[in-house]
Amino acid sequence: MRIGVLTAGGDCPGLNAVIRSVVHRAVVDRGDQVIGFEDGFKGLLEGRYRELDINEVSGILARGGTILGSSRLERHRLREACDNAEAFRRELSLDALIPIGGEGTLTAARMLSDAGIPVVGVPKTIDNDISATDRTFGFDTAVGVATEAIDRLKTTAESHQRVMVVEVMGRHAGWIALEAGMAGGAHGICVPERPFQVDDLCKMIEERFARGKKFAVICVAEGARPAEGSMPYERGEIDPYGHERFIGIGNRLASELERRLGKEARAMVLGHIQRGGTPTAYDRVLATRFGWHAVEAAHRGEFGMMTALRGTEIVMTPLATATMELKRVPQYRMDETEAVF
Ligand code: F6P
């Protein structure tokens, strides 16, 4: 078989582990040819690719980022590709395409699949918000980074009797905020799924200070919003890829808490630190398993599908249903933490 692989959307620790696994299973075990498209779907549309052999993927298992490069693509360019899909596939002699990406990439993968390209998707995102899979790789690494940040912020917050607001990624879903907040013992966790009341946060912080615990750490997802009328807040603009540009809820909330409580507050925006660097062992294993199963699915001719983790098993699930809705933090997971939302 001749298999194409690409990484698209925001990068994520573990992408290289998938690429390596695809090459090992396809080239080494099965005698296939693997080509890697550069910079996501752009490389596919522009015919920019290189052959990936065992030497190309040697030593990349623990490396963050993606050796292929990544990018986002405007929808109109993708539609162009779909219109020419068959000619395109013949020209590249592709027997299978393995796009590795998040919700946007998997939607694009489904469009290409509907247009006749034999696609097997692999889900990735540090946000863990793809509903068809129990976990995405990259999430464990991001939670680890955010937890370490909370641990570190606690000691400096305590020394200075400050309120620290740590803003983590999580556009539509608050998984990183929830799990890093729980693991780090944050005193308040704010997620996009549930608008927060600034009054509740103030009350909790005042009670802590009254008990002699003269510091607090609040973990807030970048997509979290205050409840209507709770504090001044306006939405950001929409970028060319349809994503809202966030206005920095961490800084806004820190200022609001400082103003209301008369206590020093600082914000720490973790940003892309959560996405960079080496993947955890968990993420390397999941990514490696996804790569292996994607090649197997291609050999079985199971196209229009993506790999998914269900419990401890890797299964194949239709791309069409996988991208229908995002996986958000359910109420019962919020109830399990003592923190204030
Ligand atoms: O994968 C999603 C994500 O990590 C979001 O949580 C975040 O909003 C986004 O990527 C930021 O990506 P970029 O800065 O690359 O646009």
# chains A, B, ... in the order shown; residues from 1 in each chain; ligands from 1
$ residues_near_ligand --ligand "ligand 1" --cutoff "6 Å" --atoms "only C-alpha atoms and all ligand atoms" --output "list in words"
Gly10, Thr125, Ile126, Asp127, Met169, Gly170 and Arg171 of chain A
$ write_last_selection --atoms "all heavy atoms" --output "PDB file, in the first residue's frame"
ATOM      1  N   GLY A  10      -3.663  22.497  15.749  1.00  0.00           N
ATOM      2  CA  GLY A  10      -2.677  22.814  16.787  1.00  0.00           C
ATOM      3  C   GLY A  10      -1.841  21.584  17.104  1.00  0.00           C
ATOM      4  O   GLY A  10      -2.363  20.476  17.113  1.00  0.00           O
ATOM      5  N   THR A 125      -5.667  15.881  20.562  1.00  0.00           N
ATOM      6  CA  THR A 125      -5.852  17.233  21.093  1.00  0.00           C
ATOM      7  C   THR A 125      -5.543  17.219  22.582  1.00  0.00           C
ATOM      8  O   THR A 125      -5.921  16.276  23.286  1.00  0.00           O
ATOM      9  CB  THR A 125      -7.273  17.808  20.891  1.00  0.00           C
ATOM     10  OG1 THR A 125      -7.409  18.964  21.722  1.00  0.00           O
ATOM     11  CG2 THR A 125      -8.385  16.847  21.225  1.00  0.00           C
ATOM     12  N   ILE A 126      -4.852  18.235  23.017  1.00  0.00           N
ATOM     13  CA  ILE A 126      -4.581  18.315  24.459  1.00  0.00           C
ATOM     14  C   ILE A 126      -5.887  18.574  25.212  1.00  0.00           C
ATOM     15  O   ILE A 126      -5.965  18.353  26.406  1.00  0.00           O
ATOM     16  CB  ILE A 126      -3.538  19.394  24.811  1.00  0.00           C
ATOM     17  CG1 ILE A 126      -4.047  20.801  24.506  1.00  0.00           C
ATOM     18  CG2 ILE A 126      -2.219  19.127  24.122  1.00  0.00           C
ATOM     19  CD1 ILE A 126      -3.223  21.886  25.194  1.00  0.00           C
ATOM     20  N   ASP A 127      -6.912  19.063  24.509  1.00  0.00           N
ATOM     21  CA  ASP A 127      -8.163  19.443  25.176  1.00  0.00           C
ATOM     22  C   ASP A 127      -9.032  18.243  25.583  1.00  0.00           C
ATOM     23  O   ASP A 127      -9.956  18.406  26.377  1.00  0.00           O
ATOM     24  CB  ASP A 127      -8.998  20.350  24.263  1.00  0.00           C
ATOM     25  CG  ASP A 127      -8.309  21.682  23.999  1.00  0.00           C
ATOM     26  OD1 ASP A 127      -7.327  21.988  24.695  1.00  0.00           O
ATOM     27  OD2 ASP A 127      -8.751  22.405  23.092  1.00  0.00           O
ATOM     28  N   MET A 169      -5.374  25.858  28.900  1.00  0.00           N
ATOM     29  CA  MET A 169      -6.101  25.753  27.634  1.00  0.00           C
ATOM     30  C   MET A 169      -7.413  24.995  27.838  1.00  0.00           C
ATOM     31  O   MET A 169      -7.586  24.297  28.836  1.00  0.00           O
ATOM     32  CB  MET A 169      -5.231  25.113  26.564  1.00  0.00           C
ATOM     33  CG  MET A 169      -4.255  26.110  25.965  1.00  0.00           C
ATOM     34  SD  MET A 169      -3.375  25.428  24.555  1.00  0.00           S
ATOM     35  CE  MET A 169      -2.553  26.896  23.932  1.00  0.00           C
ATOM     36  N   GLY A 170      -8.271  25.096  26.880  1.00  0.00           N
ATOM     37  CA  GLY A 170      -9.590  24.468  26.970  1.00  0.00           C
ATOM     38  C   GLY A 170     -10.582  25.456  26.407  1.00  0.00           C
ATOM     39  O   GLY A 170     -11.095  26.318  27.113  1.00  0.00           O
ATOM     40  N   ARG A 171     -10.762  25.348  25.118  1.00  0.00           N
ATOM     41  CA  ARG A 171     -11.578  26.308  24.370  1.00  0.00           C
ATOM     42  C   ARG A 171     -13.070  26.104  24.659  1.00  0.00           C
ATOM     43  O   ARG A 171     -13.752  27.010  25.105  1.00  0.00           O
ATOM     44  CB  ARG A 171     -11.254  26.084  22.896  1.00  0.00           C
ATOM     45  CG  ARG A 171     -11.921  26.929  21.907  1.00  0.00           C
ATOM     46  CD  ARG A 171     -11.225  26.821  20.570  1.00  0.00           C
ATOM     47  NE  ARG A 171     -10.046  27.660  20.545  1.00  0.00           N
ATOM     48  CZ  ARG A 171     -10.059  28.979  20.342  1.00  0.00           C
ATOM     49  NH1 ARG A 171     -11.208  29.590  20.124  1.00  0.00           N
ATOM     50  NH2 ARG A 171      -8.959  29.671  20.342  1.00  0.00           N
TER      51      ARG A 171
END
$ closest_atom_pairs --of "stretch 109-130 of chain A" --to "stretch 77-95 of chain A" --cutoff "12 Å" --atoms "only C-alpha atoms" --output "tab-separated table"
residue	atom	partner	partner_atom	distance
A:Ala109	CA	A:Leu78	CA	9.7
A:Arg110	CA	A:Cys82	CA	10.2
A:Met111	CA	A:Cys82	CA	6.9
A:Leu112	CA	A:Cys82	CA	5.6
A:Ser113	CA	A:Cys82	CA	8.7
A:Asp114	CA	A:Cys82	CA	8.3
A:Ala115	CA	A:Cys82	CA	5.5
A:Gly116	CA	A:Glu86	CA	6.4
A:Ile117	CA	A:Ala85	CA	6.4
A:Pro118	CA	A:Asp95	CA	6.7
A:Val119	CA	A:Asp95	CA	9.0
A:Val120	CA	A:Asp95	CA	10.8
$ residues_around --residues "A:Ile67" --least-positions-apart "3" --cutoff "9 Å" --atoms "only C-alpha atoms" --output "count of residues only"
9
$ closest_residue --among "A:Arg208, A:Arg20, A:Arg2, A:Arg30" --to "A:Leu61" --atoms "only C-alpha atoms"
A:Arg20
$ closest_residue --among "A:Ala17, A:Ala308, A:Val168, A:Val191" --to "A:Val329" --atoms "only C-alpha atoms"
A:Val191
$ select_by_dssp --residues "stretch 142-173 of chain A" --states "strand (DSSP E)" --output "PyMOL selection string"
chain A and resi 163-168
$ atom_distance --atom1 "atom CA of A:Ile205" --atom2 "atom CA of A:Glu336"
20.0 Å
$ residues_around --residues "A:Ala281" --least-positions-apart "6" --cutoff "12 Å" --atoms "only C-alpha atoms" --output "list of chain:residue names"
A:Pro13, A:Gly14, A:Ala17, A:Leu61, A:Ala62, A:Arg63, A:Phe137, A:Gly138, A:Phe139, A:Asp140, A:Thr141, A:Gly144, A:Ala287, A:Thr288
$ write_last_selection --atoms "N, CA, C and O atoms" --output "PDB file, in the first residue's frame"
ATOM      1  N   PRO A  13       1.659  16.985  22.097  1.00  0.00           N
ATOM      2  CA  PRO A  13       2.689  15.984  22.392  1.00  0.00           C
ATOM      3  C   PRO A  13       2.179  14.570  22.059  1.00  0.00           C
ATOM      4  O   PRO A  13       1.091  14.195  22.488  1.00  0.00           O
ATOM      5  N   GLY A  14       2.951  13.847  21.288  1.00  0.00           N
ATOM      6  CA  GLY A  14       2.551  12.491  20.888  1.00  0.00           C
ATOM      7  C   GLY A  14       2.361  12.359  19.387  1.00  0.00           C
ATOM      8  O   GLY A  14       2.273  11.247  18.867  1.00  0.00           O
ATOM      9  N   ALA A  17       5.021  10.313  17.913  1.00  0.00           N
ATOM     10  CA  ALA A  17       4.894   8.896  18.282  1.00  0.00           C
ATOM     11  C   ALA A  17       3.925   8.185  17.327  1.00  0.00           C
ATOM     12  O   ALA A  17       4.138   7.019  16.977  1.00  0.00           O
ATOM     13  N   LEU A  61      10.284   9.387  19.115  1.00  0.00           N
ATOM     14  CA  LEU A  61       9.207   8.960  20.023  1.00  0.00           C
ATOM     15  C   LEU A  61       8.972   9.957  21.161  1.00  0.00           C
ATOM     16  O   LEU A  61       7.843  10.274  21.512  1.00  0.00           O
ATOM     17  N   ALA A  62      10.042  10.454  21.726  1.00  0.00           N
ATOM     18  CA  ALA A  62       9.921  11.332  22.898  1.00  0.00           C
ATOM     19  C   ALA A  62       9.915  12.810  22.522  1.00  0.00           C
ATOM     20  O   ALA A  62       9.872  13.666  23.396  1.00  0.00           O
ATOM     21  N   ARG A  63       9.979  13.086  21.230  1.00  0.00           N
ATOM     22  CA  ARG A  63      10.076  14.494  20.820  1.00  0.00           C
ATOM     23  C   ARG A  63       8.692  15.149  20.677  1.00  0.00           C
ATOM     24  O   ARG A  63       7.794  14.572  20.061  1.00  0.00           O
ATOM     25  N   PHE A 137      -4.421  11.568  23.022  1.00  0.00           N
ATOM     26  CA  PHE A 137      -3.045  11.735  23.515  1.00  0.00           C
ATOM     27  C   PHE A 137      -2.717  13.221  23.527  1.00  0.00           C
ATOM     28  O   PHE A 137      -3.314  14.005  22.779  1.00  0.00           O
ATOM     29  N   GLY A 138      -1.810  13.603  24.395  1.00  0.00           N
ATOM     30  CA  GLY A 138      -1.475  15.026  24.567  1.00  0.00           C
ATOM     31  C   GLY A 138      -2.128  15.581  25.825  1.00  0.00           C
ATOM     32  O   GLY A 138      -1.573  16.451  26.493  1.00  0.00           O
ATOM     33  N   PHE A 139      -3.298  15.034  26.159  1.00  0.00           N
ATOM     34  CA  PHE A 139      -4.041  15.525  27.321  1.00  0.00           C
ATOM     35  C   PHE A 139      -3.269  15.225  28.613  1.00  0.00           C
ATOM     36  O   PHE A 139      -3.116  16.097  29.478  1.00  0.00           O
ATOM     37  N   ASP A 140      -2.765  14.015  28.717  1.00  0.00           N
ATOM     38  CA  ASP A 140      -2.048  13.637  29.943  1.00  0.00           C
ATOM     39  C   ASP A 140      -0.829  14.546  30.156  1.00  0.00           C
ATOM     40  O   ASP A 140      -0.563  14.991  31.275  1.00  0.00           O
ATOM     41  N   THR A 141      -0.130  14.843  29.058  1.00  0.00           N
ATOM     42  CA  THR A 141       1.043  15.725  29.148  1.00  0.00           C
ATOM     43  C   THR A 141       0.612  17.115  29.603  1.00  0.00           C
ATOM     44  O   THR A 141       1.219  17.709  30.506  1.00  0.00           O
ATOM     45  N   GLY A 144      -0.283  17.252  33.195  1.00  0.00           N
ATOM     46  CA  GLY A 144       0.942  17.188  34.013  1.00  0.00           C
ATOM     47  C   GLY A 144       1.615  18.550  34.118  1.00  0.00           C
ATOM     48  O   GLY A 144       2.022  18.983  35.212  1.00  0.00           O
ATOM     49  N   ALA A 287      -0.543   7.109  21.661  1.00  0.00           N
ATOM     50  CA  ALA A 287      -0.231   7.550  20.297  1.00  0.00           C
ATOM     51  C   ALA A 287       0.313   6.387  19.472  1.00  0.00           C
ATOM     52  O   ALA A 287      -0.061   6.203  18.299  1.00  0.00           O
ATOM     53  N   THR A 288       1.168   5.585  20.065  1.00  0.00           N
ATOM     54  CA  THR A 288       1.756   4.443  19.361  1.00  0.00           C
ATOM     55  C   THR A 288       0.666   3.429  19.000  1.00  0.00           C
ATOM     56  O   THR A 288       0.623   2.899  17.876  1.00  0.00           O
TER      57      THR A 288
END
$ closest_residue --among "A:Ala149, A:Val285, A:Val165, A:Leu270" --to "A:Ala254" --atoms "only C-alpha atoms"
A:Val165
$ atom_distance --atom1 "atom CA of A:Ile3" --atom2 "atom CA of A:Val27"
9.5 Å
$ atom_distance --atom1 "atom CA of A:Gln331" --atom2 "atom CA of A:Ala183"
18.1 Å
$ closest_atom_pairs --of "stretch 235-321 of chain A" --to "stretch 97-101 of chain A" --cutoff "12 Å" --atoms "only C-alpha atoms" --output "CSV"
residue,atom,partner,partner_atom,distance
A:Ala287,CA,A:Ile100,CA,10.1
A:Phe290,CA,A:Ile100,CA,9.8
A:Gly291,CA,A:Ile98,CA,8.9
A:Trp292,CA,A:Ile98,CA,11.3
A:His293,CA,A:Ile98,CA,11.0
A:Ala294,CA,A:Ile98,CA,7.3
A:Val295,CA,A:Ile98,CA,8.3
A:Glu296,CA,A:Ile98,CA,11.5
A:Ala297,CA,A:Ile98,CA,10.3
A:Ala298,CA,A:Leu97,CA,8.5
A:His299,CA,A:Leu97,CA,11.7
A:Gly301,CA,A:Leu97,CA,11.5
A:Glu302,CA,A:Leu97,CA,11.6
A:Phe303,CA,A:Leu97,CA,9.2
A:Gly304,CA,A:Leu97,CA,10.1
A:Met305,CA,A:Ile98,CA,10.1
A:Met306,CA,A:Ile98,CA,9.0
A:Thr307,CA,A:Ile100,CA,10.1
A:Leu319,CA,A:Pro99,CA,11.5
$ write_last_selection --atoms "N, CA, C and O atoms" --output "short mmCIF file (atom, residue, chain, number, x, y, z; two decimals), in the first residue's frame"
data_model
loop_
_atom_site.label_atom_id
_atom_site.label_comp_id
_atom_site.auth_asym_id
_atom_site.auth_seq_id
_atom_site.Cartn_x
_atom_site.Cartn_y
_atom_site.Cartn_z
N ALA A 287 -0.54 7.11 21.66
CA ALA A 287 -0.23 7.55 20.30
C ALA A 287 0.31 6.39 19.47
O ALA A 287 -0.06 6.20 18.30
N PHE A 290 -2.55 4.05 18.58
CA PHE A 290 -3.40 4.64 17.53
C PHE A 290 -2.74 4.46 16.16
O PHE A 290 -3.41 4.12 15.18
N GLY A 291 -1.45 4.73 16.08
CA GLY A 291 -0.73 4.61 14.79
C GLY A 291 -0.80 3.18 14.26
O GLY A 291 -1.10 2.95 13.08
N TRP A 292 -0.55 2.23 15.14
CA TRP A 292 -0.56 0.80 14.77
C TRP A 292 -1.94 0.41 14.24
O TRP A 292 -2.08 -0.20 13.18
N HIS A 293 -2.98 0.80 14.99
CA HIS A 293 -4.34 0.42 14.60
C HIS A 293 -4.80 1.14 13.34
O HIS A 293 -5.61 0.59 12.58
N ALA A 294 -4.31 2.35 13.11
CA ALA A 294 -4.70 3.07 11.88
C ALA A 294 -4.18 2.31 10.65
O ALA A 294 -4.90 2.17 9.65
N VAL A 295 -2.96 1.81 10.72
CA VAL A 295 -2.41 1.04 9.59
C VAL A 295 -3.21 -0.24 9.39
O VAL A 295 -3.56 -0.62 8.26
N GLU A 296 -3.51 -0.91 10.49
CA GLU A 296 -4.29 -2.16 10.38
C GLU A 296 -5.65 -1.90 9.74
O GLU A 296 -6.11 -2.66 8.90
N ALA A 297 -6.30 -0.80 10.16
CA ALA A 297 -7.62 -0.46 9.60
C ALA A 297 -7.50 -0.21 8.09
O ALA A 297 -8.34 -0.65 7.31
N ALA A 298 -6.43 0.48 7.70
CA ALA A 298 -6.22 0.75 6.27
C ALA A 298 -6.09 -0.57 5.50
O ALA A 298 -6.66 -0.74 4.42
N HIS A 299 -5.38 -1.52 6.07
CA HIS A 299 -5.21 -2.82 5.40
C HIS A 299 -6.52 -3.61 5.32
O HIS A 299 -6.72 -4.40 4.41
N GLY A 301 -9.24 -2.14 4.89
CA GLY A 301 -10.13 -1.33 4.04
C GLY A 301 -11.22 -0.62 4.84
O GLY A 301 -12.27 -0.27 4.30
N GLU A 302 -10.98 -0.41 6.12
CA GLU A 302 -11.98 0.28 6.97
C GLU A 302 -11.79 1.78 6.86
O GLU A 302 -11.19 2.41 7.74
N PHE A 303 -12.32 2.36 5.79
CA PHE A 303 -12.12 3.80 5.57
C PHE A 303 -13.32 4.60 6.09
O PHE A 303 -14.39 4.04 6.34
N GLY A 304 -13.07 5.92 6.25
CA GLY A 304 -14.12 6.75 6.81
C GLY A 304 -14.25 6.53 8.31
O GLY A 304 -15.28 6.85 8.91
N MET A 305 -13.22 5.97 8.90
CA MET A 305 -13.25 5.63 10.32
C MET A 305 -12.08 6.33 11.04
O MET A 305 -11.16 6.83 10.40
N MET A 306 -12.12 6.33 12.36
CA MET A 306 -10.96 6.81 13.12
C MET A 306 -10.70 5.89 14.30
O MET A 306 -11.60 5.17 14.74
N THR A 307 -9.49 5.92 14.79
CA THR A 307 -9.14 5.13 15.96
C THR A 307 -9.73 5.80 17.20
O THR A 307 -9.87 7.03 17.23
N LEU A 319 -15.98 8.30 11.30
CA LEU A 319 -15.65 9.74 11.37
C LEU A 319 -16.92 10.58 11.43
O LEU A 319 -16.96 11.62 12.07
#
$ select_by_dssp --residues "stretch 96-299 of chain A" --states "helix (DSSP H, G or I)" --output "MDAnalysis selection string"
chainID A and resid 103:114 139:160 175:184 198:210 249:261 271:274 281:299
$ residues_around --residues "stretch 229-242 of chain A" --least-positions-apart "4" --cutoff "12 Å" --atoms "only C-alpha atoms" --output "ChimeraX atom specification"
/A:9-10,71-78,104-105,195-202,222-225,246-257,259-260
$ closest_residue --among "A:Ala173, A:Ala216, A:Met1, A:Leu44" --to "A:Ser131" --atoms "only C-alpha atoms"
A:Ala173
$ residues_around --residues "A:Gly271" --least-positions-apart "2" --cutoff "8 Å" --atoms "only C-alpha atoms" --output "mmCIF file with C-alpha atoms, in the first residue's frame"
data_model
loop_
_atom_site.group_PDB
_atom_site.id
_atom_site.type_symbol
_atom_site.label_atom_id
_atom_site.label_comp_id
_atom_site.auth_asym_id
_atom_site.auth_seq_id
_atom_site.Cartn_x
_atom_site.Cartn_y
_atom_site.Cartn_z
ATOM 1 C CA GLU A 167 -5.300 30.037 33.027
ATOM 2 C CA VAL A 168 -5.033 26.755 31.155
ATOM 3 C CA MET A 169 -6.101 25.753 27.634
ATOM 4 C CA VAL A 269 -1.362 32.207 31.550
ATOM 5 C CA ILE A 273 3.812 25.536 27.354
ATOM 6 C CA GLN A 274 1.072 22.923 27.779
ATOM 7 C CA ARG A 275 1.426 21.828 24.178
#
$ closest_atom_pairs --of "stretch 237-336 of chain A" --to "stretch 154-160 of chain A" --cutoff "9 Å" --atoms "only C-alpha atoms" --output "JSON lines"
{"residue": "A:Glu264", "atom": "CA", "partner": "A:His160", "partner_atom": "CA", "distance": 8.5}
{"residue": "A:Ala265", "atom": "CA", "partner": "A:Ala157", "partner_atom": "CA", "distance": 8.9}
{"residue": "A:Arg266", "atom": "CA", "partner": "A:Ala157", "partner_atom": "CA", "distance": 8.9}
$ write_last_selection --atoms "all heavy atoms" --output "short mmCIF file (atom, residue, chain, number, x, y, z; two decimals), in the first residue's frame"
data_model
loop_
_atom_site.label_atom_id
_atom_site.label_comp_id
_atom_site.auth_asym_id
_atom_site.auth_seq_id
_atom_site.Cartn_x
_atom_site.Cartn_y
_atom_site.Cartn_z
N GLU A 264 -3.93 41.12 47.04
CA GLU A 264 -3.13 41.05 45.82
C GLU A 264 -3.48 39.79 45.02
O GLU A 264 -3.55 38.70 45.60
CB GLU A 264 -1.65 41.00 46.18
CG GLU A 264 -0.99 42.35 46.21
CD GLU A 264 0.53 42.19 46.17
OE1 GLU A 264 1.06 41.44 46.99
OE2 GLU A 264 1.14 42.80 45.30
N ALA A 265 -3.65 39.96 43.74
CA ALA A 265 -3.92 38.80 42.87
C ALA A 265 -3.02 38.88 41.64
O ALA A 265 -2.69 39.97 41.17
CB ALA A 265 -5.39 38.80 42.46
N ARG A 266 -2.60 37.73 41.17
CA ARG A 266 -1.76 37.66 39.97
C ARG A 266 -2.34 36.60 39.04
O ARG A 266 -2.92 35.61 39.50
CB ARG A 266 -0.33 37.23 40.33
CG ARG A 266 0.43 38.20 41.19
CD ARG A 266 0.98 39.34 40.35
NE ARG A 266 1.94 40.13 41.11
CZ ARG A 266 1.63 41.12 41.93
NH1 ARG A 266 0.36 41.45 42.12
NH2 ARG A 266 2.56 41.80 42.57
#
$ closest_residue --among "A:Leu261, A:Ala26, A:Ala320, A:Val18" --to "A:Thr136" --atoms "only C-alpha atoms"
A:Val18
$ closest_residue --among "A:Ala108, A:Ile176, A:Ala8, A:Ala221" --to "A:Ala142" --atoms "only C-alpha atoms"
A:Ile176
